[in-house]
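Participant: Encoded as structure tokens, here's the structure I'll be asking about.
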Amino acid sequence: MSPRLRATAVRVLPALLLVCLAVVGPAIAPHPIDAPVTAPYAEPGPDALLGGDQLGRDVLSRLLAGGRDLVLSALLVAVLVTGSAAVLGAIGALRPRVGRLVERTADVVMLLPAVLGILLVTLSWPDGGRLAVIAAAVVLGVPYAVRLAAGAAGPVAASGYVEAAAAGGERLWHLVLREVLPNLRATLLALFGLRFVAAVYLVATAGFLQVGPQPPAADWALMIRENSSGILLNPWAVVVPSAAVGLLALSVNLAAAALAPQTGRKAVTVL
């Protein structure tokens with residue numbers, strides 16, 4: 001294995017392992033997530049390796065079961081935001097009038113604070129829940145992403161081969177899908193990593209505010225909120241899910257940067 005491939009594998013492997021652990025976690029949890037197995041805020045012991053939470057439930061079991069929905073939600077948000085921004089940015093670069101409209105709309109939405117946006121969408125959504133959080137995260141993420149996508153698509157749209165294809169009568173969607181977007185792979189991969197990080201924190205914020213998943217669901221953000229009052233009795237109930245959220249965001253972002261082509265990473269830095 002070449003040094004470059006080895007370095008890439010080292011940066012990708014932690015994210016892959018953490019995501020796989022979050023996905024299969026509910027199946028390997030040693031105890032039911034809603035069954036008390038020890039005293040409230042009990043210290044780590046043989047029956048609960050990370051101790052108990054505020055109701056005496058196994059912290060380790062809830063930790064293993066609480067990451068899957070967060071990971072899947074963040075991945076879905078990152079895919080939707082990156083895809084929408086890529087298409088809107090490419091269309092805006094090819095059609096300047098549309099591009100100006102998209103940028104002005106993005107400027108208006110970006111004025112909305114993230115927490116206020118989450119509350120507005122989730123509280124007005126019928127029954128709220130995780131779907132409302134995903135919708136809020138997409139609405140809040142697209143304006144930031146479309147700015148970067150449009151900036152990267154501008155030089156590509158002005159290149160000679162795209163102008164030649166347009167002069168040859170190719171339709172707009174052909175130009176977007178076949179001429180512009182394939183040349184934005186590095187930028188879009190880096191953008192995906194950034195939007196995944198943002199999505200993790202937005203979904204976690206919604207969970208902490210209890211406008212997404214509701215107790216007694218196992219969720220890392222809910223674990224932090226529910227057990228914060230007993231952090232001096234069993235700090236693992238707060239520290240471990242907090243560290244899991246941070247490591248998830250950091251590892252996926254590093255993996256996306258490592259997978260970006262070398263030339264693409266230079267171009268993204270300039271932008």
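In the structure tokens, each chain is lettered A, B, ... as it comes, each chain's residues begin at 1, and ligands are numbered from 1 in order of appearance.
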Mind checking which residues fall within 12 Å of range 167-179 of chain A, counting only C-alpha atoms, ignoring those fewer than 6 positions away in the same chain, and posting them as a PyMOL selection string?

Facilitator: chain A and resi 83+86-95+150+153-154+156-161+185

Participant: Output N, CA and C atoms for every residue in that selection, as a CSV table (one decimal), in the first residue's frame.

Facilitator:
chain,number,residue,atom,x,y,z
A,83,GLY,N,-26.7,17.9,-2.4
A,83,GLY,CA,-27.3,17.8,-3.7
A,83,GLY,C,-28.1,19.0,-4.1
A,86,ALA,N,-25.7,21.8,-4.9
A,86,ALA,CA,-25.0,21.6,-6.1
A,86,ALA,C,-25.8,22.0,-7.4
A,87,VAL,N,-27.0,21.5,-7.4
A,87,VAL,CA,-27.9,21.8,-8.5
A,87,VAL,C,-28.2,23.2,-8.6
A,88,LEU,N,-28.6,23.9,-7.5
A,88,LEU,CA,-28.9,25.3,-7.5
A,88,LEU,C,-27.7,26.1,-7.9
A,89,GLY,N,-26.6,25.8,-7.4
A,89,GLY,CA,-25.4,26.5,-7.7
A,89,GLY,C,-25.0,26.4,-9.1
A,90,ALA,N,-25.1,25.2,-9.7
A,90,ALA,CA,-24.8,25.0,-11.1
A,90,ALA,C,-25.8,25.8,-12.0
A,91,ILE,N,-27.0,25.7,-11.7
A,91,ILE,CA,-28.0,26.4,-12.5
A,91,ILE,C,-27.8,27.9,-12.4
A,92,GLY,N,-27.5,28.4,-11.2
A,92,GLY,CA,-27.2,29.8,-11.0
A,92,GLY,C,-26.0,30.3,-11.8
A,93,ALA,N,-25.0,29.4,-11.9
A,93,ALA,CA,-23.8,29.8,-12.7
A,93,ALA,C,-24.1,29.8,-14.2
A,94,LEU,N,-24.9,29.0,-14.6
A,94,LEU,CA,-25.3,28.9,-16.0
A,94,LEU,C,-26.3,29.9,-16.4
A,95,ARG,N,-27.2,30.3,-15.5
A,95,ARG,CA,-28.3,31.3,-15.7
A,95,ARG,C,-28.1,32.4,-14.7
A,150,ALA,N,-22.1,27.6,-5.7
A,150,ALA,CA,-22.2,28.6,-6.8
A,150,ALA,C,-20.8,29.2,-7.1
A,153,ALA,N,-18.9,26.6,-9.0
A,153,ALA,CA,-19.5,26.3,-10.4
A,153,ALA,C,-19.3,27.5,-11.3
A,154,GLY,N,-19.0,28.7,-10.9
A,154,GLY,CA,-18.9,29.8,-11.7
A,154,GLY,C,-17.7,29.7,-12.8
A,156,VAL,N,-16.3,27.0,-13.8
A,156,VAL,CA,-16.6,25.8,-14.6
A,156,VAL,C,-17.6,26.2,-15.7
A,157,ALA,N,-18.6,26.9,-15.3
A,157,ALA,CA,-19.6,27.3,-16.3
A,157,ALA,C,-19.1,28.3,-17.3
A,158,ALA,N,-18.0,29.0,-17.0
A,158,ALA,CA,-17.4,30.0,-17.9
A,158,ALA,C,-16.3,29.3,-18.8
A,159,SER,N,-16.0,28.1,-18.6
A,159,SER,CA,-15.0,27.4,-19.4
A,159,SER,C,-15.4,27.2,-20.8
A,160,GLY,N,-14.4,26.9,-21.6
A,160,GLY,CA,-14.7,26.8,-23.0
A,160,GLY,C,-15.6,25.6,-23.4
A,161,TYR,N,-15.4,24.5,-22.8
A,161,TYR,CA,-16.1,23.3,-23.2
A,161,TYR,C,-17.6,23.4,-22.8
A,185,ARG,N,-16.5,17.5,-8.2
A,185,ARG,CA,-16.5,16.4,-7.2
A,185,ARG,C,-15.8,16.7,-6.0

Participant: Do you know which residues are at most 12 Å from Leu64 in chain A counting only C-alpha atoms, after dropping those on the same chain fewer than 6 positions away, and could you put them as a VMD selection string?

Facilitator: chain A and resid 18 to 33 50 58 70 218 to 220 223 240 to 241 244

Participant: Hey, what's within 7 Å of Val142 in chain A if we count only C-alpha atoms and toss same-chain stuff fewer than 5 positions away? As a list in words, please?

Facilitator: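 Listed by chain and then number, they are Val81, Ser84 and Ala85 of chain A.
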
Participant: Give me every helix (DSSP H, G or I) residue in range 31-249 of chain A, going by DSSP on the backbone, as a ChimeraX atom specification.

Facilitator: /A:59-65,68-94,96-110,114-124,130-157,160-167,172-208,220-230,236-249

Participant: Any chance you could export the current selection's C-alpha atoms as a compact mmCIF listing (two decimals), in the first residue's frame?

Facilitator:
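What ended up in result28.txt:
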# COMPACT_ATOMS: atom_id res chain seq x y z
CA VAL A 59 -25.60 4.20 30.13
CA LEU A 60 -23.61 1.93 27.80
CA SER A 61 -26.75 0.36 26.34
CA ARG A 62 -28.34 3.76 25.75
CA LEU A 63 -25.10 5.04 24.25
CA LEU A 64 -24.95 2.15 21.77
CA ALA A 65 -28.63 2.56 20.87
CA ARG A 68 -28.09 5.26 14.83
CA ASP A 69 -30.88 7.77 14.32
CA LEU A 70 -28.47 10.68 14.72
CA VAL A 71 -26.06 9.26 12.13
CA LEU A 72 -28.79 8.41 9.62
CA SER A 73 -30.49 11.79 10.08
CA ALA A 74 -27.21 13.68 9.63
CA LEU A 75 -26.30 11.64 6.55
CA LEU A 76 -29.71 12.29 5.00
CA VAL A 77 -29.47 16.02 5.74
CA ALA A 78 -25.94 16.22 4.33
CA VAL A 79 -26.96 14.42 1.13
CA LEU A 80 -30.06 16.57 0.61
CA VAL A 81 -28.26 19.82 1.37
CA THR A 82 -25.22 19.02 -0.79
CA GLY A 83 -27.34 17.77 -3.70
CA SER A 84 -29.72 20.73 -3.61
CA ALA A 85 -26.90 23.24 -3.30
CA ALA A 86 -24.95 21.62 -6.14
CA VAL A 87 -27.90 21.75 -8.54
CA LEU A 88 -28.94 25.28 -7.54
CA GLY A 89 -25.35 26.51 -7.69
CA ALA A 90 -24.78 25.02 -11.13
CA ILE A 91 -28.04 26.43 -12.50
CA GLY A 92 -27.22 29.82 -11.02
CA ALA A 93 -23.79 29.80 -12.66
CA LEU A 94 -25.28 28.90 -16.04
CA PRO A 96 -27.07 34.49 -13.98
CA ARG A 97 -30.61 35.81 -13.38
CA VAL A 98 -31.56 32.63 -11.56
CA GLY A 99 -28.26 32.77 -9.70
CA ARG A 100 -28.95 36.26 -8.39
CA LEU A 101 -32.42 35.19 -7.22
CA VAL A 102 -30.97 32.14 -5.45
CA GLU A 103 -28.29 34.22 -3.74
CA ARG A 104 -30.76 36.85 -2.53
CA THR A 105 -33.05 34.16 -1.15
CA ALA A 106 -30.09 32.50 0.56
CA ASP A 107 -29.06 35.81 2.11
CA VAL A 108 -32.52 36.23 3.65
CA VAL A 109 -32.66 32.70 5.07
CA MET A 110 -29.13 33.01 6.49
CA ALA A 114 -30.25 28.27 13.69
CA VAL A 115 -31.95 27.64 17.04
CA LEU A 116 -34.88 29.91 16.16
CA GLY A 117 -35.23 28.19 12.78
CA ILE A 118 -35.31 24.75 14.42
CA LEU A 119 -37.98 25.88 16.86
CA LEU A 120 -40.11 27.51 14.15
CA VAL A 121 -40.09 24.46 11.89
CA THR A 122 -40.41 21.74 14.51
CA LEU A 123 -43.09 23.43 16.60
CA SER A 124 -45.22 24.23 13.54
CA ARG A 130 -37.27 13.63 13.71
CA LEU A 131 -38.74 14.33 10.26
CA ALA A 132 -39.38 17.94 11.31
CA VAL A 133 -35.79 18.23 12.55
CA ILE A 134 -34.47 16.91 9.23
CA ALA A 135 -36.62 19.40 7.32
CA ALA A 136 -35.39 22.26 9.51
CA ALA A 137 -31.75 21.21 9.09
CA VAL A 138 -32.12 21.09 5.29
CA VAL A 139 -33.79 24.51 5.13
CA LEU A 140 -31.09 26.03 7.33
CA GLY A 141 -28.20 24.29 5.58
CA VAL A 142 -28.93 24.92 1.90
CA PRO A 143 -28.31 28.72 1.94
CA TYR A 144 -24.76 28.30 3.26
CA ALA A 145 -23.98 25.40 0.95
CA VAL A 146 -25.36 27.03 -2.19
CA ARG A 147 -22.97 29.95 -1.75
CA LEU A 148 -19.95 27.66 -1.89
CA ALA A 149 -21.40 25.55 -4.70
CA ALA A 150 -22.18 28.60 -6.81
CA GLY A 151 -18.70 30.03 -6.27
CA ALA A 152 -17.11 26.76 -7.40
CA ALA A 153 -19.48 26.33 -10.36
CA GLY A 154 -18.88 29.84 -11.74
CA PRO A 155 -15.42 29.20 -13.29
CA VAL A 156 -16.55 25.81 -14.63
CA ALA A 157 -19.64 27.33 -16.28
CA GLY A 160 -14.72 26.80 -23.05
CA TYR A 161 -16.11 23.28 -23.20
CA VAL A 162 -19.28 24.27 -21.31
CA GLU A 163 -19.78 27.28 -23.58
CA ALA A 164 -19.23 25.05 -26.60
CA ALA A 165 -21.83 22.56 -25.32
CA ALA A 166 -24.31 25.42 -24.74
CA ALA A 167 -23.65 26.82 -28.19
CA LEU A 172 -29.76 23.13 -19.25
CA TRP A 173 -30.03 19.82 -17.39
CA HIS A 174 -27.43 18.26 -19.66
CA LEU A 175 -25.06 21.13 -18.89
CA VAL A 176 -25.69 20.82 -15.16
CA LEU A 177 -25.46 17.03 -14.86
CA ARG A 178 -22.89 16.21 -17.54
CA GLU A 179 -20.67 19.26 -17.82
CA VAL A 180 -20.62 21.21 -14.55
CA LEU A 181 -21.28 18.84 -11.62
CA PRO A 182 -18.73 16.15 -12.63
CA ASN A 183 -16.04 18.83 -12.38
CA LEU A 184 -17.11 19.78 -8.85
CA ARG A 185 -16.53 16.38 -7.24
CA ALA A 186 -13.78 17.53 -4.88
CA THR A 187 -15.63 20.65 -3.82
CA LEU A 188 -18.88 18.76 -3.25
CA LEU A 189 -17.16 16.05 -1.24
CA ALA A 190 -15.59 18.66 1.02
CA LEU A 191 -18.96 20.41 1.23
CA PHE A 192 -20.62 17.13 2.22
CA GLY A 193 -18.22 16.75 5.13
CA LEU A 194 -18.90 20.28 6.33
CA ARG A 195 -22.67 19.89 6.04
CA PHE A 196 -22.55 16.55 7.87
CA VAL A 197 -20.82 18.26 10.79
CA ALA A 198 -23.41 21.05 10.77
CA ALA A 199 -26.23 18.49 10.54
CA VAL A 200 -24.89 16.53 13.52
CA TYR A 201 -24.90 19.64 15.68
CA LEU A 202 -28.31 20.82 14.46
CA VAL A 203 -29.91 17.42 15.08
CA ALA A 204 -28.16 17.17 18.44
CA THR A 205 -29.32 20.69 19.34
CA ALA A 206 -32.90 19.74 18.51
CA GLY A 207 -32.58 16.66 20.71
CA PHE A 208 -31.15 18.73 23.55
CA TRP A 220 -27.08 11.12 22.60
CA ALA A 221 -28.35 14.70 22.90
CA LEU A 222 -31.20 13.62 25.16
CA MET A 223 -28.73 11.74 27.34
CA ILE A 224 -26.74 14.93 27.85
CA ARG A 225 -29.83 16.91 28.80
CA GLU A 226 -31.39 14.26 31.03
CA ASN A 227 -28.25 13.49 32.99
CA SER A 228 -26.70 16.93 33.32
CA SER A 229 -28.08 17.34 36.85
CA GLY A 230 -26.19 14.24 38.02
CA TRP A 236 -19.91 9.19 32.23
CA ALA A 237 -23.62 9.63 31.51
CA VAL A 238 -22.85 13.11 30.13
CA VAL A 239 -19.20 12.98 29.06
CA VAL A 240 -19.44 9.88 26.86
CA PRO A 241 -22.40 10.96 24.67
CA SER A 242 -20.87 14.45 24.39
CA ALA A 243 -17.59 12.93 23.21
CA ALA A 244 -19.47 10.65 20.80
CA VAL A 245 -21.17 13.62 19.11
CA GLY A 246 -17.88 15.47 18.75
CA LEU A 247 -15.93 12.45 17.49
CA LEU A 248 -18.64 11.60 14.97
CA ALA A 249 -18.59 15.08 13.45

Participant: Got a sec: who's within 9 Å of Ser251 in chain A, counting only C-alpha atoms, leaving out chain neighbours fewer than 6 positions off, as number ranges by chain?

Facilitator: A: 11-16, 18

Participant: Distance CA of Gly67 in chain A-CA of Pro40 in chain A, one decimal place?

Facilitator: 22.2 Å

Participant: CA of Asn253 in chain A to CA of Ser2 in chain A: how many Å, to one decimal?

Facilitator: 22.6 Å

Participant: How many Å separate CA of Asp34 in chain A from CA of Gly66 in chain A?

Facilitator: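 Taking CA of Asp34 in chain A and CA of Gly66 in chain A, their separation equals 11.9 Å.
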